Amino acid sequence: MQALKKYFKGYRLSVFLCSVLFVFQAVFSLSVPYFMGEMINIGIQQKGIESSVPEVMTSQAVDLFSKIIPGEDADIFFSFYETYEDGKLYRLKEDFDEDKAVAVYENAMTAGFYIITEITQGKISGIDADAVNFMVDKVSLNVLYLHAEELSKFSEEKINGFYAQAKDAPEALKSQLAAYTISYFYDDAGINCEEIQQNYIFKTGGIMVICVVLQVICVALTGRISGRISAGMTGRMREDYLLHTSEFSSKQKRLCNNDLFSVFSDDINNIGMVINYLVSAVIYAPILSIGSIILSFMISPLMSVVVLATVIIVIGVLFVLYKVAVPKYDNLQENYSLLVRLVKNGISRIYTIRTMRTQKLEKDRFSQVTEKVRKDEKYVLKAVFTALSIVSLISNLVVAATVIFSGNSLLSSRIGIGDIIAFLQYSVLTVSAFTAIASVIIFAPRAKVSFKRFNEVMITPVPERPNSEGIRLSENDGHTVEFKNVGLSFENGGLSNVSFTAEKGQITAIAAPTGCGKTTLLGLLTGSGESFEGEIHIDSNPLEDISVNSLRQRVSYAFSEPVLFSKSVKENLLLYGAEDGENAVENALNAASVDFIDDENIVLENAGNRLSGGQRGRLSLAGALSKKSGIYIVDDCMKSVDAQTEKNILKSLRKLSETSAVILVTQRINSLVAADKIVVFNKNGIEAQGTHDQLLKTSEFYRELASLQGLEVAVNE
């Protein structure tokens, strides 16, 4: 993974910024359940009244409190209020001691609850579910008002006993009783509680909407940043990959052509996908879970254990999934790559005789690989869906556990309904955040295999090339190429002792059977990096001493397999090196006898795949001829043209040969006859070289080639 770290270096600030945004995103996500709970607890149950003690009371309410609260506490409580409206109303002072006021008020309301119970039921019920249910139905300041005269039936000692008993009641019960009864004091004082409630609900709802909007903004920003990190890293990987593989020799590219493309398109894409998941899921999930646990603990330490246990169990399930799925996923990804390679090879050879001869073998290989993919994929999918099902079950169990535990707490007045709603939201958010990590676990093994394949290509050494500071060839003259005892090695043989000269001012033709290595040999002149034995000189300069840039500027190569792009004809020729101006493109098209295109700005759709072989060959030749060079190599790109077109092209090559060296690879007798010198290859090296007449006498391959084209032989006899 050290090789991957270098691609992270340029994005450390982006990762940090994304992490900060994830913190804000988690805050806004967790704020919504919090304010939802507050809306239920305060906005609905407490009618929007946030104060813990009545801010306004009537004189009647004060008189009632004076009968319930014993002496010292009464002095403390009433010291926090002042009269107005001619003594009819009392309001809370600005400098009151909130803690003391709340304590006295809660004790008074709880004592009032006991008094109501005594009056209405004739006994004091314990602090149990029945008492709480009764409180919800019956507690009202109006009850005390209606039975205020009955307080005289109780002795001061008994009322003080109720108050003392209230001090020992659970704090949660006292706070709920106090909060519940404040609205009655406001109604009694003529304050519109409905307006207070509406204002609170609108305010809290507005805050929730703002939190949701800010959360969406954070999601959009983190998605954009994580996407840019992923795209930027994979872009750099592809750039390095292209630069590295472009230095491969022709032999290296042939050996792993399909793998090179698969790594570039599929494997780097897998890596980028996992990077995106890593940034977005792995960072966000812990932040969200920690926040959920903290907020849950603030509401109820007991209930926070449920959320903490959820996090631990989900992490455990994902860990087991990783351990179970990764080994099989490694095999699965390897088999995927092999399957893609087999399919690509099958498609590319679908019309060839070789495929027909090896059809049963290829079918058996394909069946074996698909069976392996099926078994591994079945195993992995079972593991993944089992893990996801367990996570879903855990989520439902958490909801059930929250309802059970919180229900008991609700009945004992330890928490409110809004707190239960918040707990449920926290648990769901936590589970959903960690479920996203499952995506990382699913794709991580694929990315691991993909990066291994990518790294194998990147650590493959490239052949030594001429450096840019080497000898520069003259740009005004043609060049002479000399091969001295050159040898090349292939898997099934090789060339040896190849010696011939392609002189400036001549057309040198090469005739050879298919697959003998002539294209690889001529590719050496483009700086392909292929290793060889012997010596190659251009104008007496050793090939290895010539600047690779100069070499590629002075050698034009018309490929036997044309390389075209989905661009206009003019743009294709400019990519070959044509000069933009002075009718260079038009002259090159005429020289290659490209008479099937009227406008050089016509776009070649699908990289020219709709053109015939002869048309593609002529466009490839036009690309080579459009560039001013000292050496022109025409590699069998006239094999599909008619006789008249061939004659026109040979005239163009003859004109070019006046100032340059032209090397023509062909098996057509008309083209060979037009050459100044012909070199005949076989699978081991040069069989013979000379003129047409000389080779008819000295080369068996040349005579056989001529006999297969009897008309041309008859003309030259």
# chains A, B, ... in the order shown; residues from 1 in each chain; ligands from 1
$ residues_around --residues "Val282 in chain A" --least-positions-apart "6" --cutoff "9 Å" --atoms "only C-alpha atoms" --output "PyMOL selection string"
chain A and resi 433-434+436-437+440
$ closest_residue --among "A:Leu424, A:Val399, A:Leu429, A:Leu338" --to "Ala26 in chain A" --atoms "only C-alpha atoms"
A:Leu429
$ closest_residue --among "A:Asp539, A:Glu94, A:Glu118, A:Glu50" --to "Gly630 in chain A" --atoms "only C-alpha atoms"
A:Asp539
$ residues_around --residues "range 495-508 of chain A" --least-positions-apart "6" --cutoff "6 Å" --atoms "only C-alpha atoms" --output "number ranges by chain"
A: 478-488, 657-663, 675-678, 684-686
$ residues_around --residues "range 308-317 of chain A" --least-positions-apart "3" --cutoff "8 Å" --atoms "only C-alpha atoms" --output "VMD selection string"
chain A and resid 289 293 304 to 305 320 to 321 387 390 to 391 394 to 395 398 427 430 to 431 434
$ closest_residue --among "A:Lys570, A:His692, A:Lys382, A:Lys627" --to "Ala511 in chain A" --atoms "only C-alpha atoms"
A:His692
$ residues_around --residues "Ala512 in chain A" --least-positions-apart "5" --cutoff "7 Å" --atoms "only C-alpha atoms" --output "ChimeraX atom specification"
/A:680-682
$ select_by_dssp --residues "range 653-693 of chain A" --states "strand (DSSP E)" --output "ChimeraX atom specification"
/A:661-665,677-681,686-690
$ write_last_selection --atoms "C-alpha atoms" --output "PDB file, in the first residue's frame"
ATOM      1  CA  ALA A 661      14.863   6.505 -47.604  1.00  0.00           C
ATOM      2  CA  VAL A 662      11.646   4.544 -48.246  1.00  0.00           C
ATOM      3  CA  ILE A 663      11.206   1.072 -46.756  1.00  0.00           C
ATOM      4  CA  LEU A 664       8.223  -0.763 -48.218  1.00  0.00           C
ATOM      5  CA  VAL A 665       6.888  -4.002 -46.676  1.00  0.00           C
ATOM      6  CA  LYS A 677      16.204  -3.279 -53.844  1.00  0.00           C
ATOM      7  CA  ILE A 678      14.269  -6.202 -52.420  1.00  0.00           C
ATOM      8  CA  VAL A 679      15.122  -8.006 -49.175  1.00  0.00           C
ATOM      9  CA  VAL A 680      13.521 -11.421 -48.678  1.00  0.00           C
ATOM     10  CA  PHE A 681      13.085 -12.674 -45.114  1.00  0.00           C
ATOM     11  CA  ILE A 686      17.424 -12.849 -44.555  1.00  0.00           C
ATOM     12  CA  GLU A 687      17.061 -15.448 -47.267  1.00  0.00           C
ATOM     13  CA  ALA A 688      18.193 -13.254 -50.180  1.00  0.00           C
ATOM     14  CA  GLN A 689      18.344  -9.680 -51.385  1.00  0.00           C
ATOM     15  CA  GLY A 690      18.657  -8.041 -54.768  1.00  0.00           C
TER      16      GLY A 690
END
$ closest_residue --among "A:Gly232, A:Gly223, A:Gly608, A:Pro327" --to "Ala281 in chain A" --atoms "only C-alpha atoms"
A:Gly223
$ residues_around --residues "Ala103 in chain A" --least-positions-apart "2" --cutoff "12 Å" --atoms "only C-alpha atoms" --output "PyMOL selection string"
chain A and resi 52-53+69+73-74+76-77+97-101+105-110+163+166-169+171+174-175+178
$ residues_around --residues "Lys88 in chain A" --least-positions-apart "2" --cutoff "6 Å" --atoms "only C-alpha atoms" --output "PyMOL selection string"
chain A and resi 59+85-86
$ closest_atom_pairs --of "range 217-302 of chain A" --to "range 419-423 of chain A" --cutoff "10 Å" --atoms "only C-alpha atoms" --output "tab-separated table"
residue	atom	partner	partner_atom	distance
A:Ser292	CA	A:Phe423	CA	8.6
A:Ile293	CA	A:Phe423	CA	9.7
A:Leu295	CA	A:Phe423	CA	8.9
A:Ser296	CA	A:Phe423	CA	6.6
A:Ile299	CA	A:Asp419	CA	7.0
A:Ser300	CA	A:Asp419	CA	8.7
$ select_by_dssp --residues "range 502-695 of chain A" --states "alpha helix (DSSP H)" --output "count of residues only"
66
$ closest_residue --among "A:Ala706, A:Phe35, A:Leu4, A:Leu89" --to "Lys452 in chain A" --atoms "only C-alpha atoms"
A:Leu4
$ closest_residue --among "A:Gly272, A:Gly161, A:Gly418, A:Pro513" --to "Gly43 in chain A" --atoms "only C-alpha atoms"
A:Gly418
$ atom_distance --atom1 "CA of Phe297 in chain A" --atom2 "CA of Phe28 in chain A"
18.2 Å
$ decode --residues "range 29-72 of chain A" --atoms "N, CA and C atoms" --output "short mmCIF file (atom, residue, chain, number, x, y, z; two decimals), in the first residue's frame"
data_model
loop_
_atom_site.label_atom_id
_atom_site.label_comp_id
_atom_site.auth_asym_id
_atom_site.auth_seq_id
_atom_site.Cartn_x
_atom_site.Cartn_y
_atom_site.Cartn_z
N SER A 29 -27.23 16.16 11.33
CA SER A 29 -28.04 14.94 11.29
C SER A 29 -28.59 14.59 12.66
N LEU A 30 -27.74 14.73 13.69
CA LEU A 30 -28.16 14.41 15.05
C LEU A 30 -29.02 15.50 15.66
N SER A 31 -28.96 16.70 15.12
CA SER A 31 -29.78 17.79 15.65
C SER A 31 -31.25 17.59 15.34
N VAL A 32 -31.54 17.00 14.20
CA VAL A 32 -32.94 16.81 13.81
C VAL A 32 -33.69 15.94 14.82
N PRO A 33 -33.16 14.75 15.20
CA PRO A 33 -33.86 13.97 16.25
C PRO A 33 -33.94 14.71 17.58
N TYR A 34 -32.88 15.47 17.91
CA TYR A 34 -32.89 16.20 19.18
C TYR A 34 -34.04 17.21 19.21
N PHE A 35 -34.15 18.03 18.17
CA PHE A 35 -35.21 19.04 18.14
C PHE A 35 -36.59 18.41 17.96
N MET A 36 -36.64 17.24 17.32
CA MET A 36 -37.92 16.54 17.24
C MET A 36 -38.38 16.12 18.63
N GLY A 37 -37.44 15.61 19.44
CA GLY A 37 -37.77 15.26 20.82
C GLY A 37 -38.19 16.46 21.63
N GLU A 38 -37.49 17.59 21.41
CA GLU A 38 -37.85 18.81 22.13
C GLU A 38 -39.23 19.31 21.72
N MET A 39 -39.56 19.17 20.45
CA MET A 39 -40.87 19.61 19.99
C MET A 39 -41.98 18.79 20.65
N ILE A 40 -41.73 17.48 20.83
CA ILE A 40 -42.74 16.63 21.48
C ILE A 40 -42.82 16.93 22.97
N ASN A 41 -41.64 16.98 23.61
CA ASN A 41 -41.62 17.17 25.07
C ASN A 41 -42.11 18.56 25.47
N ILE A 42 -41.60 19.57 24.81
CA ILE A 42 -41.92 20.95 25.20
C ILE A 42 -43.06 21.52 24.36
N GLY A 43 -42.92 21.36 23.03
CA GLY A 43 -43.91 21.97 22.16
C GLY A 43 -45.30 21.39 22.30
N ILE A 44 -45.38 20.08 22.53
CA ILE A 44 -46.71 19.45 22.62
C ILE A 44 -47.13 19.23 24.07
N GLN A 45 -46.25 18.53 24.83
CA GLN A 45 -46.64 18.19 26.20
C GLN A 45 -46.65 19.41 27.12
N GLN A 46 -45.69 20.33 26.94
CA GLN A 46 -45.62 21.51 27.80
C GLN A 46 -46.20 22.75 27.13
N LYS A 47 -46.88 22.53 26.00
CA LYS A 47 -47.54 23.62 25.27
C LYS A 47 -46.58 24.75 24.91
N GLY A 48 -45.32 24.38 24.63
CA GLY A 48 -44.34 25.35 24.16
C GLY A 48 -43.71 26.19 25.24
N ILE A 49 -44.01 25.90 26.50
CA ILE A 49 -43.46 26.70 27.61
C ILE A 49 -42.12 26.12 28.02
N GLU A 50 -41.05 26.89 27.82
CA GLU A 50 -39.70 26.41 28.11
C GLU A 50 -39.26 26.69 29.54
N SER A 51 -39.91 27.63 30.19
CA SER A 51 -39.52 28.00 31.54
C SER A 51 -39.81 26.86 32.51
N SER A 52 -38.95 26.72 33.52
CA SER A 52 -39.11 25.66 34.52
C SER A 52 -40.00 26.09 35.68
N VAL A 53 -40.28 27.37 35.76
CA VAL A 53 -41.19 27.91 36.79
C VAL A 53 -42.11 28.92 36.12
N PRO A 54 -43.30 29.15 36.68
CA PRO A 54 -44.21 30.14 36.07
C PRO A 54 -43.61 31.53 36.10
N GLU A 55 -43.60 32.19 34.96
CA GLU A 55 -43.10 33.56 34.90
C GLU A 55 -44.17 34.55 35.34
N VAL A 56 -45.44 34.15 35.26
CA VAL A 56 -46.56 35.01 35.67
C VAL A 56 -47.56 34.16 36.46
N MET A 57 -48.07 34.71 37.58
CA MET A 57 -49.10 34.04 38.38
C MET A 57 -50.12 35.07 38.85
N THR A 58 -51.33 34.59 39.08
CA THR A 58 -52.35 35.44 39.68
C THR A 58 -52.21 35.44 41.19
N SER A 59 -52.87 36.38 41.82
CA SER A 59 -52.84 36.43 43.29
C SER A 59 -53.49 35.19 43.89
N GLN A 60 -54.48 34.63 43.17
CA GLN A 60 -55.15 33.42 43.65
C GLN A 60 -54.17 32.25 43.68
N ALA A 61 -53.32 32.16 42.61
CA ALA A 61 -52.33 31.10 42.57
C ALA A 61 -51.29 31.28 43.67
N VAL A 62 -50.90 32.53 43.93
CA VAL A 62 -49.93 32.79 44.99
C VAL A 62 -50.51 32.39 46.34
N ASP A 63 -51.80 32.69 46.53
CA ASP A 63 -52.46 32.32 47.78
C ASP A 63 -52.48 30.80 47.94
N LEU A 64 -52.72 30.12 46.81
CA LEU A 64 -52.74 28.66 46.86
C LEU A 64 -51.36 28.11 47.22
N PHE A 65 -50.29 28.70 46.61
CA PHE A 65 -48.93 28.26 46.91
C PHE A 65 -48.58 28.51 48.39
N SER A 66 -49.08 29.63 48.92
CA SER A 66 -48.75 29.94 50.32
C SER A 66 -49.31 28.91 51.27
N LYS A 67 -50.40 28.20 50.85
CA LYS A 67 -50.97 27.16 51.70
C LYS A 67 -50.23 25.84 51.57
N ILE A 68 -49.52 25.64 50.43
CA ILE A 68 -48.84 24.36 50.19
C ILE A 68 -47.39 24.40 50.63
N ILE A 69 -46.70 25.53 50.34
CA ILE A 69 -45.26 25.62 50.62
C ILE A 69 -45.07 26.06 52.06
N PRO A 70 -44.28 25.34 52.84
CA PRO A 70 -44.02 25.72 54.24
C PRO A 70 -43.20 27.00 54.32
N GLY A 71 -43.10 27.54 55.51
CA GLY A 71 -42.58 28.87 55.77
C GLY A 71 -41.30 29.28 55.08
N GLU A 72 -40.18 28.63 55.36
CA GLU A 72 -38.90 29.11 54.82
C GLU A 72 -38.86 29.02 53.31
#
